[in-house]
file work34.pdb (PDB, C-alpha atoms)
ATOM      1  CA  MET A   1     -26.328  26.135  -5.548
ATOM      2  CA  SER A   2     -25.711  29.858  -5.497
ATOM      3  CA  LEU A   3     -23.496  31.485  -8.113
ATOM      4  CA  GLN A   4     -20.753  31.894  -5.511
ATOM      5  CA  GLU A   5     -20.856  28.174  -4.630
ATOM      6  CA  THR A   6     -20.839  27.223  -8.318
ATOM      7  CA  VAL A   7     -17.816  29.418  -9.047
ATOM      8  CA  LEU A   8     -15.994  27.978  -6.028
ATOM      9  CA  LEU A   9     -16.583  24.385  -7.175
ATOM     10  CA  GLN A  10     -15.554  25.175 -10.757
ATOM     11  CA  LEU A  11     -12.390  27.002  -9.754
ATOM     12  CA  ARG A  12     -11.379  24.291  -7.284
ATOM     13  CA  GLU A  13     -11.865  21.646  -9.981
ATOM     14  CA  CYS A  14      -9.801  23.662 -12.465
ATOM     15  CA  ILE A  15      -6.913  23.782 -10.005
ATOM     16  CA  LEU A  16      -7.156  20.095  -9.088
ATOM     17  CA  ARG A  17      -7.317  19.132 -12.769
ATOM     18  CA  GLY A  18      -3.994  20.880 -13.231
ATOM     19  CA  GLU A  19      -5.357  23.567 -15.571
ATOM     20  CA  PHE A  20      -3.329  26.224 -13.755
ATOM     21  CA  GLU A  21       0.390  25.749 -13.250
ATOM     22  CA  PRO A  22       1.829  26.065  -9.709
ATOM     23  CA  GLY A  23       2.814  29.651  -9.024
ATOM     24  CA  ARG A  24       0.478  31.046 -11.670
ATOM     25  CA  ARG A  25      -1.197  34.324 -10.759
ATOM     26  CA  LEU A  26      -4.972  33.936 -10.692
ATOM     27  CA  ALA A  27      -6.305  37.133 -12.267
ATOM     28  CA  GLU A  28      -9.872  37.754 -11.148
ATOM     29  CA  GLN A  29     -11.043  39.213 -14.455
ATOM     30  CA  GLN A  30      -9.607  36.380 -16.544
ATOM     31  CA  ILE A  31     -11.125  33.732 -14.258
ATOM     32  CA  ALA A  32     -14.469  35.539 -14.291
ATOM     33  CA  GLU A  33     -14.460  35.470 -18.090
ATOM     34  CA  LEU A  34     -13.411  31.802 -18.107
ATOM     35  CA  LEU A  35     -16.221  30.794 -15.733
ATOM     36  CA  GLY A  36     -18.815  33.194 -17.107
ATOM     37  CA  SER A  37     -19.315  35.150 -13.900
ATOM     38  CA  SER A  38     -18.576  38.538 -12.377
ATOM     39  CA  ARG A  39     -15.440  39.254 -10.354
ATOM     40  CA  THR A  40     -17.237  39.321  -6.986
ATOM     41  CA  PRO A  41     -17.904  35.538  -6.686
ATOM     42  CA  VAL A  42     -14.423  34.859  -8.074
ATOM     43  CA  ARG A  43     -12.853  36.992  -5.355
ATOM     44  CA  ALA A  44     -14.911  35.181  -2.691
ATOM     45  CA  ALA A  45     -13.894  31.803  -4.153
ATOM     46  CA  LEU A  46     -10.222  32.738  -4.057
ATOM     47  CA  VAL A  47     -10.485  33.746  -0.393
ATOM     48  CA  THR A  48     -12.112  30.383   0.407
ATOM     49  CA  LEU A  49      -9.482  28.476  -1.574
ATOM     50  CA  GLU A  50      -6.771  30.276   0.373
ATOM     51  CA  GLN A  51      -8.380  29.053   3.596
ATOM     52  CA  GLU A  52      -8.470  25.538   2.155
ATOM     53  CA  GLY A  53      -4.806  25.759   1.180
ATOM     54  CA  LEU A  54      -5.047  25.477  -2.619
ATOM     55  CA  VAL A  55      -3.999  29.069  -3.331
ATOM     56  CA  GLN A  56      -1.933  31.622  -1.470
ATOM     57  CA  ALA A  57      -1.860  35.410  -1.353
ATOM     58  CA  ASN A  58       1.021  37.221  -3.024
ATOM     59  CA  ASP A  59       2.645  40.558  -2.263
ATOM     60  CA  THR A  60       0.303  42.476  -4.566
ATOM     61  CA  GLY A  61      -2.848  41.343  -2.789
ATOM     62  CA  GLY A  62      -3.724  38.786  -5.445
ATOM     63  CA  PHE A  63      -3.557  35.012  -5.370
ATOM     64  CA  VAL A  64      -1.367  32.341  -6.949
ATOM     65  CA  VAL A  65      -1.745  28.562  -7.244
ATOM     66  CA  ARG A  66       0.099  26.807  -4.440
ATOM     67  CA  GLN A  67       2.767  24.194  -4.776
ATOM     68  CA  PHE A  68       2.681  21.195  -2.466
ATOM     69  CA  SER A  69       5.620  19.242  -1.168
ATOM     70  CA  VAL A  70       5.494  15.462  -1.185
ATOM     71  CA  ARG A  71       5.479  15.597   2.612
ATOM     72  CA  GLU A  72       2.342  17.766   2.628
ATOM     73  CA  VAL A  73       0.493  15.327   0.384
ATOM     74  CA  THR A  74       1.516  12.197   2.285
ATOM     75  CA  ASP A  75       0.707  13.928   5.566
ATOM     76  CA  ALA A  76      -2.793  14.694   4.279
ATOM     77  CA  ILE A  77      -3.303  11.025   3.388
ATOM     78  CA  THR A  78      -2.078  10.059   6.866
ATOM     79  CA  VAL A  79      -4.495  12.518   8.461
ATOM     80  CA  ARG A  80      -7.361  10.996   6.487
ATOM     81  CA  GLY A  81      -6.378   7.579   7.828
ATOM     82  CA  HIS A  82      -6.522   8.812  11.409
ATOM     83  CA  LEU A  83      -9.824  10.623  10.892
ATOM     84  CA  GLU A  84     -11.460   7.694   9.132
ATOM     85  CA  GLY A  85     -10.017   5.380  11.760
ATOM     86  CA  LEU A  86     -11.772   7.402  14.452
ATOM     87  CA  ALA A  87     -14.998   7.338  12.436
ATOM     88  CA  ALA A  88     -14.833   3.539  12.107
ATOM     89  CA  ARG A  89     -14.148   3.176  15.823
ATOM     90  CA  LEU A  90     -17.139   5.353  16.710
ATOM     91  CA  VAL A  91     -19.403   3.311  14.433
ATOM     92  CA  ALA A  92     -18.192   0.056  15.970
ATOM     93  CA  GLU A  93     -18.529   1.275  19.552
ATOM     94  CA  HIS A  94     -21.909   2.954  19.085
ATOM     95  CA  GLY A  95     -23.314  -0.040  17.255
ATOM     96  CA  LEU A  96     -23.850  -0.519  13.539
ATOM     97  CA  SER A  97     -27.494   0.066  12.583
ATOM     98  CA  ARG A  98     -29.217  -2.508  10.412
ATOM     99  CA  GLN A  99     -29.703  -0.056   7.555
ATOM    100  CA  VAL A 100     -26.086   1.130   7.523
ATOM    101  CA  ALA A 101     -24.889  -2.481   7.666
ATOM    102  CA  LEU A 102     -27.069  -3.289   4.650
ATOM    103  CA  ASP A 103     -25.805  -0.250   2.755
ATOM    104  CA  LEU A 104     -22.169  -1.102   3.484
ATOM    105  CA  GLN A 105     -22.725  -4.732   2.506
ATOM    106  CA  SER A 106     -24.276  -3.537  -0.745
ATOM    107  CA  CYS A 107     -21.070  -1.601  -1.426
ATOM    108  CA  LEU A 108     -18.978  -4.699  -0.759
ATOM    109  CA  ASP A 109     -21.128  -6.791  -3.076
ATOM    110  CA  GLU A 110     -20.824  -4.187  -5.820
ATOM    111  CA  GLY A 111     -17.063  -4.060  -5.347
ATOM    112  CA  ASP A 112     -16.855  -7.842  -5.576
ATOM    113  CA  VAL A 113     -18.706  -7.748  -8.901
ATOM    114  CA  ALA A 114     -16.593  -4.875 -10.236
ATOM    115  CA  LEU A 115     -13.339  -6.693  -9.464
ATOM    116  CA  ALA A 116     -14.448 -10.118 -10.720
ATOM    117  CA  PRO A 117     -13.365  -9.684 -14.384
ATOM    118  CA  ASN A 118      -9.731 -10.241 -15.280
ATOM    119  CA  PRO A 119      -8.547  -7.986 -16.802
ATOM    120  CA  LEU A 120     -10.677  -5.099 -15.592
ATOM    121  CA  SER A 121     -12.439  -2.853 -18.092
ATOM    122  CA  MET A 122     -12.779   0.912 -17.680
ATOM    123  CA  ASP A 123     -16.422   0.376 -16.693
ATOM    124  CA  ASP A 124     -15.349  -2.078 -13.989
ATOM    125  CA  TYR A 125     -12.813   0.425 -12.723
ATOM    126  CA  ALA A 126     -15.327   3.308 -12.721
ATOM    127  CA  ARG A 127     -17.815   1.148 -10.862
ATOM    128  CA  TYR A 128     -15.227   0.354  -8.208
ATOM    129  CA  VAL A 129     -14.318   4.033  -7.757
ATOM    130  CA  SER A 130     -17.992   4.947  -7.269
ATOM    131  CA  MET A 131     -18.414   2.143  -4.745
ATOM    132  CA  ASN A 132     -15.274   3.163  -2.875
ATOM    133  CA  ASP A 133     -16.439   6.750  -2.471
ATOM    134  CA  ARG A 134     -19.821   5.618  -1.186
ATOM    135  CA  PHE A 135     -18.349   3.100   1.262
ATOM    136  CA  HIS A 136     -16.098   5.680   2.892
ATOM    137  CA  ALA A 137     -18.861   8.305   2.968
ATOM    138  CA  LEU A 138     -21.285   5.896   4.671
ATOM    139  CA  ILE A 139     -18.870   5.184   7.517
ATOM    140  CA  LEU A 140     -18.183   8.855   8.051
ATOM    141  CA  GLU A 141     -21.889   9.688   8.094
ATOM    142  CA  ALA A 142     -22.652   6.781  10.436
ATOM    143  CA  SER A 143     -20.100   8.084  12.950
ATOM    144  CA  GLY A 144     -22.536  10.868  13.783
ATOM    145  CA  ASN A 145     -19.647  13.203  14.623
ATOM    146  CA  ARG A 146     -20.153  16.521  12.804
ATOM    147  CA  ALA A 147     -16.751  17.930  13.787
ATOM    148  CA  LEU A 148     -15.074  14.814  12.395
ATOM    149  CA  GLN A 149     -17.089  15.078   9.186
ATOM    150  CA  ARG A 150     -16.055  18.711   8.734
ATOM    151  CA  ALA A 151     -12.401  17.824   9.344
ATOM    152  CA  VAL A 152     -12.495  15.100   6.679
ATOM    153  CA  ALA A 153     -14.279  17.434   4.240
ATOM    154  CA  MET A 154     -11.581  20.074   4.713
ATOM    155  CA  ASN A 155      -8.718  17.582   4.424
ATOM    156  CA  ASP A 156     -10.266  16.080   1.267
ATOM    157  CA  LYS A 157      -9.923  19.423  -0.513
ATOM    158  CA  LEU A 158      -6.136  19.011  -0.589
ATOM    159  CA  PRO A 159      -4.595  17.239  -3.595
ATOM    160  CA  PHE A 160      -4.794  13.420  -3.391
ATOM    161  CA  ALA A 161      -6.176  13.366   0.155
ATOM    162  CA  SER A 162      -9.648  11.972  -0.599
ATOM    163  CA  ALA A 163     -10.523   8.277  -0.552
ATOM    164  CA  SER A 164     -10.403   7.631  -4.316
ATOM    165  CA  ALA A 165      -7.909  10.314  -5.340
ATOM    166  CA  MET A 166      -5.021   7.895  -5.933
ATOM    167  CA  LEU A 167      -7.037   5.167  -7.655
ATOM    168  CA  PRO A 168      -6.153   6.346 -11.195
ATOM    169  CA  MET A 169      -2.514   5.475 -10.464
ATOM    170  CA  GLN A 170      -3.509   2.125  -9.031
ATOM    171  CA  GLY A 171      -5.596   1.418 -12.114
ATOM    172  CA  SER A 172      -2.565   1.964 -14.355
ATOM    173  CA  MET A 173      -0.297  -0.489 -12.595
ATOM    174  CA  VAL A 174       0.498  -3.872 -14.076
ATOM    175  CA  LYS A 175      -0.880  -5.625 -11.017
ATOM    176  CA  ASP A 176      -3.724  -3.138 -10.585
ATOM    177  CA  ARG A 177      -6.372  -5.794 -10.004
ATOM    178  CA  ASP A 178      -4.316  -7.497  -7.278
ATOM    179  CA  TRP A 179      -3.907  -4.237  -5.349
ATOM    180  CA  MET A 180      -7.573  -3.361  -5.733
ATOM    181  CA  LEU A 181      -8.543  -6.824  -4.522
ATOM    182  CA  TYR A 182      -6.269  -6.296  -1.514
ATOM    183  CA  ALA A 183      -7.823  -2.905  -0.738
ATOM    184  CA  HIS A 184     -11.325  -4.305  -1.132
ATOM    185  CA  ARG A 185     -10.495  -7.185   1.183
ATOM    186  CA  GLN A 186      -9.660  -4.525   3.760
ATOM    187  CA  HIS A 187     -13.162  -3.116   3.211
ATOM    188  CA  HIS A 188     -14.594  -6.534   4.053
ATOM    189  CA  MET A 189     -12.503  -6.826   7.213
ATOM    190  CA  LEU A 190     -13.454  -3.298   8.270
ATOM    191  CA  LEU A 191     -17.165  -4.023   8.009
ATOM    192  CA  ASP A 192     -16.663  -7.250   9.955
ATOM    193  CA  ALA A 193     -14.896  -5.367  12.762
ATOM    194  CA  MET A 194     -17.649  -2.769  12.962
ATOM    195  CA  ARG A 195     -20.348  -5.434  12.998
ATOM    196  CA  ARG A 196     -18.587  -7.148  15.903
ATOM    197  CA  GLY A 197     -18.218  -3.889  17.804
ATOM    198  CA  GLU A 198     -14.420  -4.172  17.741
ATOM    199  CA  GLY A 199     -13.555  -0.489  17.879
ATOM    200  CA  ALA A 200      -9.768  -0.742  18.176
ATOM    201  CA  ARG A 201      -9.572  -3.261  15.325
ATOM    202  CA  ALA A 202     -11.821  -1.143  13.104
ATOM    203  CA  GLN A 203      -9.681   1.916  13.784
ATOM    204  CA  ALA A 204      -6.452   0.080  12.992
ATOM    205  CA  LEU A 205      -7.870  -1.361   9.767
ATOM    206  CA  ALA A 206      -9.072   2.045   8.547
ATOM    207  CA  GLN A 207      -5.665   3.564   9.212
ATOM    208  CA  GLU A 208      -3.835   0.698   7.512
ATOM    209  CA  HIS A 209      -6.160   1.051   4.526
ATOM    210  CA  THR A 210      -4.558   4.380   3.588
ATOM    211  CA  GLU A 211      -1.188   2.672   3.094
ATOM    212  CA  VAL A 212      -2.452   1.624  -0.350
ATOM    213  CA  ALA A 213      -2.871   5.320  -1.201
ATOM    214  CA  GLN A 214       0.630   6.037   0.117
ATOM    215  CA  MET A 215       2.005   3.261  -2.083
ATOM    216  CA  ASN A 216       0.182   4.724  -5.074
ATOM    217  CA  MET A 217       1.741   8.123  -4.379
ATOM    218  CA  ARG A 218       5.190   6.551  -4.289
ATOM    219  CA  GLN A 219       4.453   4.924  -7.661
ATOM    220  CA  ALA A 220       3.259   8.268  -9.034
ATOM    221  CA  LEU A 221       6.468  10.005  -7.980
ATOM    222  CA  GLU A 222       8.576   7.285  -9.601
ATOM    223  CA  ARG A 223       6.553   7.508 -12.832
ATOM    224  CA  ARG A 224       5.796  11.222 -12.840
ATOM    225  CA  SER A 225       5.211  11.736 -16.573
ATOM    226  CA  GLU A 226       2.658   8.925 -16.637
ATOM    227  CA  ALA A 227       1.127  10.122 -13.374
ATOM    228  CA  GLU A 228       0.630  13.656 -14.689
ATOM    229  CA  GLN A 229      -1.332  12.271 -17.635
ATOM    230  CA  LEU A 230      -3.539  10.204 -15.343
ATOM    231  CA  MET A 231      -3.749  12.796 -12.565
ATOM    232  CA  PRO A 232      -2.937  16.311 -13.824
ATOM    233  CA  ALA A 233      -2.915  17.638 -10.255
ATOM    234  CA  MET A 234       0.468  15.895  -9.860
ATOM    235  CA  ARG A 235       1.858  19.089 -11.410
ATOM    236  CA  LEU A 236       1.062  20.785  -8.100
ATOM    237  CA  VAL A 237       3.402  18.421  -6.232
ATOM    238  CA  VAL A 238       7.075  19.335  -6.206
ATOM    239  CA  GLY A 239      10.026  17.164  -5.262
ATOM    240  CA  ARG A 240      10.270  13.425  -4.747
TER     241      ARG A 240
END

call {"tool": "encode", "arguments": {"input": "work34.pdb", "output": "structure tokens"}}
result
Amino acid sequence: MSLQETVLLQLRECILRGEFEPGRRLAEQQIAELLGSSRTPVRAALVTLEQEGLVQANDTGGFVVRQFSVREVTDAITVRGHLEGLAARLVAEHGLSRQVALDLQSCLDEGDVALAPNPLSMDDYARYVSMNDRFHALILEASGNRALQRAVAMNDKLPFASASAMLPMQGSMVKDRDWMLYAHRQHHMLLDAMRRGEGARAQALAQEHTEVAQMNMRQALERRSEAEQLMPAMRLVVGR
């Protein structure tokens, strides 16, 4: 990656890890010193982050960390459901290739193994998160729709919009394993629908799948202090 791309990734991660409070002015020189770069790539990164919606310009021509309403976050999760639903429908209607089917089945098998222990260990949980990211990415790639892929990539840059963003909250719940088993069962049904070429069913399942993330967000809002420890980016979300 170029220096500019590296600075962009680092600064985005800092914001999403909650290292900068909402409303904080992002001074170019201070950030450059923090990231070990010059001000030029920092300025370019801030412009890109404004386009993504993580920062906003202030009256002085600088940038501050954005706050997000609960509605903005839940809307982003809903948008992901619709986009991934379309991706699943396209895969089902175009036909699932043998290789993609094998790769998706491998994900399901790995998820089954990760969720088999009771209770789950941190390694089991980490394994499930890795599998979940790969499963969702495979479907999106298999859709073959570049515009759709770009839309998902942009939406995923918002707090808690990506496929595994809310899993830390799920992993902290008393019945965490039950909810993860439920979500993984949806993965199984989604692959079955795509294999059968059932586009409408695949689309509906992918959209319904994001309801688990919405439930996790509701839990996070009810248990905010705990949520901020698990997911520091919760500090960016205001209101209930």

call {"tool": "residues_around", "arguments": {"input": "work34.pdb", "residues": "range 150-160 of chain A", "least_positions_apart": "2", "cutoff": "7 Å", "atoms": "all atoms listed in the file", "output": "PyMOL selection string"}}
result
chain A and resi 16+52+54+73+76+80+83+146-148+162+165-166+233

call {"tool": "resolve_selection", "arguments": {"input": "work34.pdb", "expression": "the PyMOL selection byres ((chain A and resi 124-131) around 9)", "output": "JSON, numbers by chain"}}
result
{"A": [107, 108, 110, 111, 112, 113, 114, 115, 116, 117, 120, 121, 122, 123, 132, 133, 134, 135, 136, 164, 167, 171, 180]}

call {"tool": "resolve_selection", "arguments": {"input": "work34.pdb", "expression": "the PyMOL selection byres ((chain A and resi 224) around 12)", "output": "list of chain:residue names"}}
result
A:Met169, A:Asn216, A:Met217, A:Arg218, A:Gln219, A:Ala220, A:Leu221, A:Glu222, A:Arg223, A:Ser225, A:Glu226, A:Ala227, A:Glu228, A:Gln229, A:Leu230, A:Met231, A:Pro232, A:Ala233, A:Met234, A:Arg235, A:Leu236, A:Val237, A:Val238, A:Gly239, A:Arg240

call {"tool": "closest_residue", "arguments": {"input": "work34.pdb", "among": "A:Val7, A:Glu84, A:Ala101, A:Glu72", "to": "Glu33 in chain A", "atoms": "all atoms listed in the file"}}
result
A:Val7

call {"tool": "residues_around", "arguments": {"input": "work34.pdb", "residues": "Val212 in chain A", "least_positions_apart": "3", "cutoff": "8 Å", "atoms": "all atoms listed in the file", "output": "list in words"}}
result
Trp179, Ala183, His209, Met215 and Asn216 of chain A

call {"tool": "write_last_selection", "arguments": {"input": "work34.pdb", "atoms": "C-alpha atoms", "output": "CSV table (one decimal), in the frame of the given file"}}
result
chain,number,residue,atom,x,y,z
A,179,TRP,CA,-3.9,-4.2,-5.3
A,183,ALA,CA,-7.8,-2.9,-0.7
A,209,HIS,CA,-6.2,1.1,4.5
A,215,MET,CA,2.0,3.3,-2.1
A,216,ASN,CA,0.2,4.7,-5.1

call {"tool": "atom_distance", "arguments": {"input": "work34.pdb", "atom1": "CA of Arg201 in chain A", "atom2": "CA of Asp178 in chain A"}}
result
23.6 Å
